[in-house]
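Notes to accompany the following structure.
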Amino acid sequence: MLNTIDAIKQRTSANNFDPTHVMSKAEIEDLVSLAIESPTSFNMQNWRVIAITSPEAKEQFKALAYGQAKVKDAAVTFVFVGKMKGHEALPALVKPLLDAKVIDQAAYDGWINMANGMYAGKDQIQRDEAIRSASFAAMTLMYAAQAKGLVSGAMIGFDPVGVAAACSLSDQEFPVMMLAVGKAAPGNWPRKPRLTVDKVLSVK
Ligand SMILES: Cc1cc2nc3c(=O)[nH]c(=O)nc-3n(C[C@H](O)[C@H](O)[C@H](O)COP(=O)(O)O)c2cc1C
């Protein structure tokens with residue numbers, strides 16, 4: 001198992017996956033359980049994920065991803081889904097903190113009211129937040145996979161309308177990202193160059 005820094009340094013996007021590698025439901029659930037630890041605004045947890053594992057589904061989603069072979073070859077391809085109106089789930093999600101007396105009624109009310117003020121009736125902000133949440137979860141899953149000796153490949157190259165239909169998403173949900181995860185096959189690219197810190201960081 002890699003530590004966090006090594007997982008960050010070793011992760012690259014894989015294109016070539018071992019098509020014979022199969023992941024068990026427990027292994028997939030373990031990765032998702034780690035992704036669930038990702039933070040979300042107000043703890044709205046306004047995302048979910050669909051795991052594509054069967055040969056038939058892989059064929060279908062490979063076609064929806066414009067023929068990207070990794071969807072077929074990887075043990076699993078996750079479809080990360082963003083949820084609109086995430087704030088509407090908050091009263092039930094925060095209630096356990098109130099019940100456990102971690103927060104009092106005033107803090108609970110403030111939490112819910114602040115989220116409503118920020119998101120209610122604001123579609124673009126709800127969508128931005130869902131993309132942030134699903135993206136954090138996908139990133140956590142990438143590092144969890146890397147730590148476990150697996151590789152991953154994020155994808156935005158897919159037909160969003162087709163993927164939404166194939167996943168039976170509601171009209172309040174949309175696909176944010178696909179993420180292939182599995183064992184590497186030979187031929188993946190080495191690490192790609194990155195900007196240097198001075199090009200990215202300004203300190204005020
Ligand atoms: C949001 C997102 C979408 C991406 N979509 C695709 C894709 O559809 N197909 C693909 O081959 N790579 C895709 N990539 C991989 C990027 O090309 C890759 O992350 C980038 O070149 C940096 O390389 P690295 O991940 O190996 O560091 C995507 C990456 C991200 C973060």
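In the structure tokens, the first chain shown is A, the next is B, and so on; residue numbers restart at 1 for each chain, and ligands run from 1 in the order shown.
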Report as a Markdown table: every residue of segment 91-169 of chain A with an atom at most 7 Å from segment 47-63 of chain A, its closest pair of atoms, and their distance in Å to one decimal, counting only C-alpha atoms, with rows sorted by chain and ascending residue number.
| residue | atom | partner | partner_atom | distance |
| --- | --- | --- | --- | --- |
| A:Ala130 | CA | A:Trp47 | CA | 6.4 |
| A:Ser133 | CA | A:Trp47 | CA | 6.4 |
| A:Ala134 | CA | A:Trp47 | CA | 5.4 |
Contacts between ligand 1 and chain A, please, where a residue of chain A counts if it comes within 12 Å (with only C-alpha atoms and all ligand atoms); show its shortest atom pair and distance in Å to one decimal, rows by chain and ascending number, as a tab-separated table.
residue	atom	partner	partner_atom_place_in_ligand_line	distance
A:Ile8	CA	ligand 1	27 (O)	9.8
A:Lys9	CA	ligand 1	27 (O)	9.4
A:Gln10	CA	ligand 1	27 (O)	9.1
A:Arg11	CA	ligand 1	27 (O)	6.8
A:Thr12	CA	ligand 1	26 (O)	3.4
A:Ser13	CA	ligand 1	26 (O)	3.7
A:Ala14	CA	ligand 1	26 (O)	6.8
A:Asn15	CA	ligand 1	11 (O)	6.2
A:Asn16	CA	ligand 1	11 (O)	9.9
A:Lys62	CA	ligand 1	8 (O)	11.0
A:Leu64	CA	ligand 1	8 (O)	11.0
A:Ala65	CA	ligand 1	8 (O)	7.4
A:Tyr66	CA	ligand 1	8 (O)	8.8
A:Gly67	CA	ligand 1	9 (N)	10.2
A:Gln68	CA	ligand 1	9 (N)	7.2
A:Ala69	CA	ligand 1	11 (O)	9.3
A:Lys70	CA	ligand 1	11 (O)	8.4
A:Val71	CA	ligand 1	9 (N)	10.1
A:Phe80	CA	ligand 1	1 (C)	11.0
A:Ile131	CA	ligand 1	1 (C)	10.2
A:Arg132	CA	ligand 1	1 (C)	11.1
A:Ala134	CA	ligand 1	1 (C)	10.7
A:Ser135	CA	ligand 1	1 (C)	7.9
A:Phe136	CA	ligand 1	31 (C)	10.8
A:Ala138	CA	ligand 1	31 (C)	9.3
A:Met139	CA	ligand 1	31 (C)	8.6
A:Met142	CA	ligand 1	25 (O)	10.0
A:Tyr143	CA	ligand 1	25 (O)	11.5
A:Gln146	CA	ligand 1	25 (O)	12.0
A:Val151	CA	ligand 1	26 (O)	10.2
A:Ser152	CA	ligand 1	25 (O)	8.6
A:Gly153	CA	ligand 1	15 (C)	6.2
A:Ala154	CA	ligand 1	28 (C)	4.6
A:Met155	CA	ligand 1	5 (N)	3.2
A:Ile156	CA	ligand 1	5 (N)	4.0
A:Gly157	CA	ligand 1	8 (O)	3.5
A:Phe158	CA	ligand 1	8 (O)	6.7
A:Asp159	CA	ligand 1	8 (O)	10.4
A:Pro160	CA	ligand 1	8 (O)	11.7
A:Pro175	CA	ligand 1	1 (C)	11.6
A:Val176	CA	ligand 1	1 (C)	8.3
A:Met177	CA	ligand 1	1 (C)	6.4
A:Met178	CA	ligand 1	3 (C)	7.9
A:Leu179	CA	ligand 1	4 (C)	8.6
A:Ala180	CA	ligand 1	10 (C)	9.9
A:Asn188	CA	ligand 1	26 (O)	9.2
A:Trp189	CA	ligand 1	26 (O)	7.5
A:Pro190	CA	ligand 1	26 (O)	7.6
A:Arg191	CA	ligand 1	26 (O)	5.8
A:Lys192	CA	ligand 1	27 (O)	5.7
A:Pro193	CA	ligand 1	27 (O)	8.1
A:Arg194	CA	ligand 1	27 (O)	8.1
A:Leu195	CA	ligand 1	22 (C)	11.4
- request: Would you return as an MDAnalysis selection string the members of segment 18-100 of chain A that DSSP assigns to helix (DSSP H, G or I) on this structure's backbone?
  value: chainID A and resid 25:35 41:43 55:64 70:73 86:99
Please write the residues from the selection above to a file, keeping C-alpha atoms, as a compact mmCIF listing (two decimals), in the first residue's frame.
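Final file, part-v6.txt:
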# COMPACT_ATOMS: atom_id res chain seq x y z
CA LYS A 25 -17.82 -6.25 -5.77
CA ALA A 26 -16.04 -5.91 -2.40
CA GLU A 27 -12.98 -4.34 -4.03
CA ILE A 28 -15.17 -1.87 -5.92
CA GLU A 29 -17.14 -1.06 -2.77
CA ASP A 30 -13.90 -0.50 -0.88
CA LEU A 31 -12.74 2.10 -3.42
CA VAL A 32 -16.12 3.84 -3.32
CA SER A 33 -16.13 3.82 0.50
CA LEU A 34 -12.85 5.76 0.37
CA ALA A 35 -14.23 8.20 -2.22
CA SER A 41 -19.73 21.87 0.64
CA PHE A 42 -21.93 21.79 3.78
CA ASN A 43 -21.38 17.98 3.64
CA PRO A 55 -19.07 -7.00 -20.74
CA GLU A 56 -22.35 -5.74 -22.22
CA ALA A 57 -22.33 -2.49 -20.25
CA LYS A 58 -18.65 -1.98 -21.05
CA GLU A 59 -19.41 -2.25 -24.78
CA GLN A 60 -22.30 0.18 -24.44
CA PHE A 61 -20.28 2.77 -22.47
CA LYS A 62 -17.20 2.35 -24.67
CA ALA A 63 -19.37 3.42 -27.61
CA LEU A 64 -20.73 6.35 -25.55
CA LYS A 70 -10.09 1.66 -21.66
CA VAL A 71 -13.81 1.52 -20.91
CA LYS A 72 -13.85 -2.05 -22.26
CA ASP A 73 -10.44 -3.14 -20.97
CA GLY A 86 -27.99 19.06 -3.12
CA HIS A 87 -29.03 21.47 -0.35
CA GLU A 88 -32.49 19.88 -0.20
CA ALA A 89 -30.95 16.70 1.22
CA LEU A 90 -29.17 18.60 4.00
CA PRO A 91 -31.80 18.59 6.80
CA ALA A 92 -31.72 14.79 6.94
CA LEU A 93 -27.95 14.60 6.42
CA VAL A 94 -27.13 17.04 9.23
CA LYS A 95 -29.75 15.75 11.69
CA PRO A 96 -27.49 13.02 13.13
CA LEU A 97 -25.10 15.74 14.30
CA LEU A 98 -27.99 17.47 16.09
CA ASP A 99 -29.23 14.20 17.59
field: Pick from A:Thr4, A:Thr77, A:Gln45, A:Ser168, whichever lies nearest to Gly182 of chain A using only C-alpha atoms
entry: A:Thr77
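For the residues A:Asp18, A:Ala115, A:Gly82, A:Leu2, ranking by smallest atom-to-atom distance to Ala164 of chain A using only C-alpha atoms places A:Gly82 first.
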statement: In Å and to one decimal, atom CA of Asp104 of chain A is distant from atom CA of Gln126 of chain A by 26.7 Å
task: Can you pull out every residue within 8 Å of Ala137 of chain A, counting only C-alpha atoms, but drop anything in the same chain fewer than 5 positions away, and send it as an MDAnalysis selection string?
output: chainID A and resid 35:39
Can I get the selected residues back with N, CA and C atoms, as a tab-separated table (two decimals), in the first residue's frame?
chain	number	residue	atom	x	y	z
A	35	ALA	N	-13.80	6.98	-1.51
A	35	ALA	CA	-14.23	8.20	-2.22
A	35	ALA	C	-15.27	8.97	-1.41
A	36	ILE	N	-16.11	8.24	-0.69
A	36	ILE	CA	-17.16	8.86	0.12
A	36	ILE	C	-16.56	9.75	1.23
A	37	GLU	N	-15.31	9.48	1.58
A	37	GLU	CA	-14.65	10.31	2.61
A	37	GLU	C	-14.31	11.71	2.09
A	38	SER	N	-14.45	11.93	0.79
A	38	SER	CA	-14.11	13.25	0.23
A	38	SER	C	-15.01	14.33	0.82
A	39	PRO	N	-14.48	15.55	0.94
A	39	PRO	CA	-15.31	16.64	1.47
A	39	PRO	C	-16.28	17.17	0.41
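Candidate residues A:Ala144, A:Ala100, A:Val79, A:Met114 were compared for distance to Met1 of chain A, and the nearest is A:Ala144, using only C-alpha atoms.
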message: I need the residue nearest Glu173 of chain A from this list: A:Lys85, A:Lys101, A:Lys204, A:Lys199. Use only C-alpha atoms for the distance.
response: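 Of A:Lys85, A:Lys101, A:Lys204, A:Lys199, the one nearest Glu173 of chain A is A:Lys85, counting only C-alpha atoms.
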message: Residues of chain A classed as strand (DSSP E) by DSSP on the backbone are to be reported as a VMD selection string.
response: chain A and resid 47 to 52 76 to 83 151 to 155 173 to 182
message: So the first atom is atom CA of Ala147 of chain A and the second is atom CA of Ala7 of chain A; what is the distance between them in Å, to one decimal place?
response: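 Calculated distance between atom CA of Ala147 of chain A and atom CA of Ala7 of chain A is 5.4 Å.
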